[in-house]
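**Q** First the structure, which I've put down as structure tokens, then a few questions once you've had a look.
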Amino acid sequence: MQSDQEPGAAGSGRELLTFTLGAEEYAIDILKVQEIRGYDAVTSIANTAEFIKGVINLRGSIVPIVDMRIKFRLGRVSYDETTVVIILNVANRVVGMVVDGVSDVLTLKAEQIKPAPEFGAGMDTRYLQGLGTVDERMLILVDIEKLMTSREMELVEAAGMNI
């Protein structure tokens, strides 16, 4: 793991929001979540990365929207009644991420979180904090702040400013 703080190191556990992308279940720190909304049409921005769907007007703020299925190259993207946008507050900016659905909020203890395996140069694991286990479920823990503030996501900031 390459985070400053070991997952689950803070007291009795870590509270996480779980969501699905395809057949996999992911989890992010609940403290980064501002709200969860149904998927609405977005205003496209020319010359942005494919995973940036566009922007929405959220109570007067222009919020860039990132489709995580496209970002993680998870195949065909379809939007239906379960598709949601998780509005995040990361690094003092608001950004939305489109996911297939939100599962629930869980608290994981340190012993339920294992380090992300090393896959070699073929797979990018720098945004993974580890793998969480709950009963028979395996959760992929995403460092959403690191992901959303990464160099390739700087386009997100630019997209929000072009309106």
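Following the order of the structure tokens, chains are lettered A, B, ..., residues in each are numbered from 1, and ligands are numbered from 1.
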As a PyMOL selection string, please: the residues near Val94 of chain A (cut-off 9 Å, only C-alpha atoms, same-chain neighbours under 5 positions excluded).
**A** chain A and resi 34+61-64+87-89
**Q** Please dump the current selection as a short mmCIF file (atom, residue, chain, number, x, y, z; two decimals), in the first residue's frame; keep C-alpha atoms.
**A**
```cif
data_model
loop_
_atom_site.label_atom_id
_atom_site.label_comp_id
_atom_site.auth_asym_id
_atom_site.auth_seq_id
_atom_site.Cartn_x
_atom_site.Cartn_y
_atom_site.Cartn_z
CA GLN A 34 -21.29 15.00 -0.62
CA SER A 61 -21.78 25.28 -9.18
CA ILE A 62 -20.40 23.75 -12.37
CA VAL A 63 -19.45 20.15 -11.56
CA PRO A 64 -17.42 17.94 -13.92
CA ILE A 87 -21.01 13.86 -5.89
CA LEU A 88 -17.61 14.02 -4.20
CA ASN A 89 -15.72 16.72 -2.40
#
```
**Q** Determine, counting only C-alpha atoms, which protein, DNA and RNA residues have an atom within 9 Å of an atom of Leu139 of chain A; residues of the same chain fewer than 6 positions away are not included. Present the result as a list of chain:residue names.
**A**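 So, after excluding close chain neighbours, the residues are A:Thr18, A:Glu24, A:Glu25, A:Tyr26, A:Ala27, A:Gly130, A:Leu131, A:Gly132, A:Thr133.
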**Q** Hey, can you spit out that residue selection with N, CA and C atoms as a CSV table (one decimal), in the first residue's frame?
**A**
```csv
chain,number,residue,atom,x,y,z
A,18,THR,N,-20.1,1.8,-0.7
A,18,THR,CA,-19.9,0.8,-1.7
A,18,THR,C,-20.7,1.0,-2.9
A,24,GLU,N,-18.2,-5.9,-10.5
A,24,GLU,CA,-17.3,-5.7,-9.3
A,24,GLU,C,-17.9,-4.7,-8.3
A,25,GLU,N,-17.5,-4.8,-7.1
A,25,GLU,CA,-18.0,-3.9,-6.0
A,25,GLU,C,-16.7,-3.1,-5.6
A,26,TYR,N,-16.9,-1.8,-5.5
A,26,TYR,CA,-15.9,-0.9,-5.1
A,26,TYR,C,-16.3,-0.2,-3.8
A,27,ALA,N,-15.3,0.5,-3.2
A,27,ALA,CA,-15.7,1.2,-2.0
A,27,ALA,C,-14.8,2.5,-1.9
A,130,GLY,N,-6.5,-1.1,-1.2
A,130,GLY,CA,-6.5,-2.5,-0.7
A,130,GLY,C,-7.7,-3.2,-1.1
A,131,LEU,N,-7.9,-4.3,-0.6
A,131,LEU,CA,-9.1,-5.1,-0.8
A,131,LEU,C,-9.8,-5.4,0.5
A,132,GLY,N,-11.1,-5.2,0.6
A,132,GLY,CA,-11.8,-5.4,1.8
A,132,GLY,C,-12.7,-6.6,1.7
A,133,THR,N,-12.9,-7.3,2.8
A,133,THR,CA,-13.7,-8.5,2.8
A,133,THR,C,-14.8,-8.3,3.8
```
**Q** Apply DSSP to the structure's backbone, then extract all residues of chain A labelled strand (DSSP E) and return them as a PyMOL selection string.
**A** chain A and resi 14-21+24-29+33-38+52-58+61-67+84-90+93-99+101-108+113-114+128-134+137-142
**Q** Using only C-alpha atoms, which residues of segment 127-156 of chain A come within 12 Å of segment 68-79 of chain A, and what is the closest atom pair for each, with the distance in Å to one decimal? Give it as a Markdown table, sorted by chain and residue number.
**A**
```
| residue | atom | partner | partner_atom | distance |
| --- | --- | --- | --- | --- |
| A:Tyr127 | CA | A:Phe72 | CA | 11.0 |
| A:Val142 | CA | A:Met68 | CA | 11.4 |
| A:Ile144 | CA | A:Met68 | CA | 11.0 |
| A:Leu147 | CA | A:Lys71 | CA | 10.3 |
| A:Met148 | CA | A:Met68 | CA | 10.8 |
| A:Glu152 | CA | A:Lys71 | CA | 10.3 |
| A:Met153 | CA | A:Lys71 | CA | 10.0 |
```
**Q** I need the residues in chain A that are helix (DSSP H, G or I) according to DSSP; give them as a PyMOL selection string.
**A** chain A and resi 30-32+68-71+110-112+144-148+151-161
**Q** Quick one: residues within 9 Å of Ser12 of chain A, only C-alpha atoms, excluding same-chain residues fewer than 4 positions away - as a VMD selection string?
**A** chain A and resid 8 107 to 110
**Q** Selection from above, C-alpha atoms, as a PDB file, in the first residue's frame, can you write it?
**A**
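Here's the written file selection-v8.pdb:
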```pdb
ATOM      1  CA  GLY A   8      -8.505   1.049   9.142  1.00  0.00           C
ATOM      2  CA  THR A 107     -17.631  -0.093   8.386  1.00  0.00           C
ATOM      3  CA  LEU A 108     -14.509  -2.175   7.838  1.00  0.00           C
ATOM      4  CA  LYS A 109     -12.073  -2.981  10.596  1.00  0.00           C
ATOM      5  CA  ALA A 110      -8.325  -3.085   9.923  1.00  0.00           C
TER       6      ALA A 110
END
```
**Q** Any idea what's packed within 9 Å of Asp104 of chain A, counting only C-alpha atoms, ignoring anything in its chain fewer than 4 positions away? Could you give it as a PyMOL selection string?
**A** chain A and resi 16-19
**Q** With N, CA and C atoms retained, could you export that selection as a PDB file, in the first residue's frame?
**A**
```pdb
ATOM      1  N   LEU A  16     -17.217   3.253   4.737  1.00  0.00           N
ATOM      2  CA  LEU A  16     -17.064   3.280   3.284  1.00  0.00           C
ATOM      3  C   LEU A  16     -18.412   3.211   2.585  1.00  0.00           C
ATOM      4  N   LEU A  17     -18.508   3.909   1.457  1.00  0.00           N
ATOM      5  CA  LEU A  17     -19.665   3.795   0.575  1.00  0.00           C
ATOM      6  C   LEU A  17     -19.292   2.782  -0.490  1.00  0.00           C
ATOM      7  N   THR A  18     -20.136   1.780  -0.692  1.00  0.00           N
ATOM      8  CA  THR A  18     -19.852   0.774  -1.709  1.00  0.00           C
ATOM      9  C   THR A  18     -20.719   1.034  -2.931  1.00  0.00           C
ATOM     10  N   PHE A  19     -20.142   0.760  -4.099  1.00  0.00           N
ATOM     11  CA  PHE A  19     -20.855   0.946  -5.360  1.00  0.00           C
ATOM     12  C   PHE A  19     -20.397  -0.111  -6.342  1.00  0.00           C
TER      13      PHE A  19
END
```
**Q** Return the single residue from A:Gly38, A:Gly60, A:Pro115, A:Gly54 that is closest to Val102 of chain A, with distances computed using only C-alpha atoms.
**A**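 Closest to Val102 of chain A of all the choices is A:Gly38.
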**Q** For Ala91 of chain A, please output as an MDAnalysis selection string all residues within 12 Å (counting only C-alpha atoms; exclusion window: fewer than 4 positions along the same chain).
**A** chainID A and resid 32 95 144:150 154 157
**Q** With N, CA and C atoms retained, could you export that selection as a JSON list (two decimals), in the first residue's frame?
**A**
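So again.json came out as:
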```
[["chain", "number", "residue", "atom", "x", "y", "z"],
["A", 32, "LYS", "N", -15.72, 11.55, 1.81],
["A", 32, "LYS", "CA", -15.51, 12.27, 0.55],
["A", 32, "LYS", "C", -16.82, 12.48, -0.21],
["A", 95, "VAL", "N", -16.69, 17.14, -7.66],
["A", 95, "VAL", "CA", -16.68, 16.39, -8.90],
["A", 95, "VAL", "C", -17.69, 15.26, -8.76],
["A", 144, "ILE", "N", -10.00, 7.57, -3.71],
["A", 144, "ILE", "CA", -10.71, 8.46, -4.63],
["A", 144, "ILE", "C", -10.05, 9.83, -4.70],
["A", 145, "GLU", "N", -9.47, 10.28, -3.60],
["A", 145, "GLU", "CA", -8.79, 11.57, -3.63],
["A", 145, "GLU", "C", -7.56, 11.51, -4.54],
["A", 146, "LYS", "N", -6.77, 10.45, -4.42],
["A", 146, "LYS", "CA", -5.59, 10.29, -5.25],
["A", 146, "LYS", "C", -5.98, 10.17, -6.73],
["A", 147, "LEU", "N", -7.06, 9.41, -7.00],
["A", 147, "LEU", "CA", -7.52, 9.23, -8.37],
["A", 147, "LEU", "C", -8.00, 10.56, -8.96],
["A", 148, "MET", "N", -8.85, 11.26, -8.24],
["A", 148, "MET", "CA", -9.44, 12.49, -8.79],
["A", 148, "MET", "C", -8.46, 13.65, -8.86],
["A", 149, "THR", "N", -7.35, 13.57, -8.15],
["A", 149, "THR", "CA", -6.36, 14.65, -8.22],
["A", 149, "THR", "C", -5.14, 14.24, -9.03],
["A", 150, "SER", "N", -5.22, 13.10, -9.71],
["A", 150, "SER", "CA", -4.09, 12.62, -10.51],
["A", 150, "SER", "C", -3.89, 13.50, -11.74],
["A", 154, "GLU", "N", -6.51, 16.11, -14.14],
["A", 154, "GLU", "CA", -6.43, 17.57, -14.20],
["A", 154, "GLU", "C", -7.37, 18.10, -15.28],
["A", 157, "GLU", "N", -10.59, 19.41, -13.83],
["A", 157, "GLU", "CA", -10.59, 20.80, -13.41],
["A", 157, "GLU", "C", -10.77, 21.72, -14.61]]
```
**Q** Just want the 10 Å neighbourhood of Val66 of chain A, counted on only C-alpha atoms, with same-chain residues fewer than 5 positions away dropped. Output as a list of chain:residue names.
**A**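 Listed by chain and then number, they are A:Ala49, A:Glu50, A:Phe51, A:Ile52, A:Lys53, A:Gly54, A:Val55, A:Lys71, A:Val85, A:Ile86, A:Val95, A:Gly96, A:Met97, A:Val98, A:Val99, A:Met148, A:Met153, A:Val156.
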**Q** Let me see the file: selected residues, N, CA and C atoms, as a PDB file, in the first residue's frame.
**A**
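Contents of part30.pdb, freshly written:
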```
ATOM      1  N   ALA A  49     -11.125  14.310 -22.316  1.00  0.00           N
ATOM      2  CA  ALA A  49     -10.937  12.858 -22.331  1.00  0.00           C
ATOM      3  C   ALA A  49     -12.293  12.162 -22.413  1.00  0.00           C
ATOM      4  N   GLU A  50     -12.298  10.964 -22.996  1.00  0.00           N
ATOM      5  CA  GLU A  50     -13.543  10.220 -23.195  1.00  0.00           C
ATOM      6  C   GLU A  50     -14.283   9.972 -21.879  1.00  0.00           C
ATOM      7  N   PHE A  51     -13.555   9.733 -20.789  1.00  0.00           N
ATOM      8  CA  PHE A  51     -14.194   9.419 -19.511  1.00  0.00           C
ATOM      9  C   PHE A  51     -14.855  10.629 -18.858  1.00  0.00           C
ATOM     10  N   ILE A  52     -14.572  11.832 -19.341  1.00  0.00           N
ATOM     11  CA  ILE A  52     -15.243  13.022 -18.817  1.00  0.00           C
ATOM     12  C   ILE A  52     -16.517  13.218 -19.620  1.00  0.00           C
ATOM     13  N   LYS A  53     -17.652  12.909 -18.985  1.00  0.00           N
ATOM     14  CA  LYS A  53     -18.937  12.969 -19.688  1.00  0.00           C
ATOM     15  C   LYS A  53     -19.341  14.403 -19.988  1.00  0.00           C
ATOM     16  N   GLY A  54     -18.928  15.335 -19.147  1.00  0.00           N
ATOM     17  CA  GLY A  54     -19.292  16.735 -19.307  1.00  0.00           C
ATOM     18  C   GLY A  54     -19.433  17.378 -17.943  1.00  0.00           C
ATOM     19  N   VAL A  55     -20.354  18.340 -17.851  1.00  0.00           N
ATOM     20  CA  VAL A  55     -20.562  19.049 -16.594  1.00  0.00           C
ATOM     21  C   VAL A  55     -22.064  19.167 -16.316  1.00  0.00           C
ATOM     22  N   LYS A  71     -13.480   5.232 -17.399  1.00  0.00           N
ATOM     23  CA  LYS A  71     -12.161   5.486 -16.815  1.00  0.00           C
ATOM     24  C   LYS A  71     -11.420   4.183 -16.525  1.00  0.00           C
ATOM     25  N   VAL A  85     -25.002   9.192  -9.857  1.00  0.00           N
ATOM     26  CA  VAL A  85     -23.825  10.058  -9.803  1.00  0.00           C
ATOM     27  C   VAL A  85     -23.523  10.300  -8.330  1.00  0.00           C
ATOM     28  N   ILE A  86     -22.322   9.945  -7.939  1.00  0.00           N
ATOM     29  CA  ILE A  86     -21.868  10.227  -6.580  1.00  0.00           C
ATOM     30  C   ILE A  86     -21.127  11.556  -6.643  1.00  0.00           C
ATOM     31  N   VAL A  95     -16.695  17.145  -7.656  1.00  0.00           N
ATOM     32  CA  VAL A  95     -16.684  16.394  -8.904  1.00  0.00           C
ATOM     33  C   VAL A  95     -17.694  15.258  -8.757  1.00  0.00           C
ATOM     34  N   GLY A  96     -18.305  14.883  -9.861  1.00  0.00           N
ATOM     35  CA  GLY A  96     -19.256  13.780  -9.832  1.00  0.00           C
ATOM     36  C   GLY A  96     -18.692  12.572 -10.541  1.00  0.00           C
ATOM     37  N   MET A  97     -19.036  11.385 -10.047  1.00  0.00           N
ATOM     38  CA  MET A  97     -18.617  10.171 -10.740  1.00  0.00           C
ATOM     39  C   MET A  97     -19.830   9.290 -10.991  1.00  0.00           C
ATOM     40  N   VAL A  98     -19.938   8.839 -12.239  1.00  0.00           N
ATOM     41  CA  VAL A  98     -21.050   7.986 -12.643  1.00  0.00           C
ATOM     42  C   VAL A  98     -20.674   6.544 -12.337  1.00  0.00           C
ATOM     43  N   VAL A  99     -21.570   5.835 -11.628  1.00  0.00           N
ATOM     44  CA  VAL A  99     -21.375   4.423 -11.315  1.00  0.00           C
ATOM     45  C   VAL A  99     -22.664   3.671 -11.644  1.00  0.00           C
ATOM     46  N   MET A 148      -8.846  11.261  -8.242  1.00  0.00           N
ATOM     47  CA  MET A 148      -9.440  12.488  -8.789  1.00  0.00           C
ATOM     48  C   MET A 148      -8.461  13.652  -8.864  1.00  0.00           C
ATOM     49  N   MET A 153      -6.478  13.427 -14.416  1.00  0.00           N
ATOM     50  CA  MET A 153      -7.745  14.018 -14.018  1.00  0.00           C
ATOM     51  C   MET A 153      -7.678  15.546 -13.934  1.00  0.00           C
ATOM     52  N   VAL A 156     -10.303  17.218 -15.508  1.00  0.00           N
ATOM     53  CA  VAL A 156     -11.575  17.438 -14.822  1.00  0.00           C
ATOM     54  C   VAL A 156     -11.673  18.893 -14.397  1.00  0.00           C
TER      55      VAL A 156
END
```
**Q** What does the distance between atom CA of Leu106 of chain A and atom CA of Arg14 of chain A come to in Å, to one decimal place?
**A**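 Separation between atom CA of Leu106 of chain A and atom CA of Arg14 of chain A: 8.0 Å.
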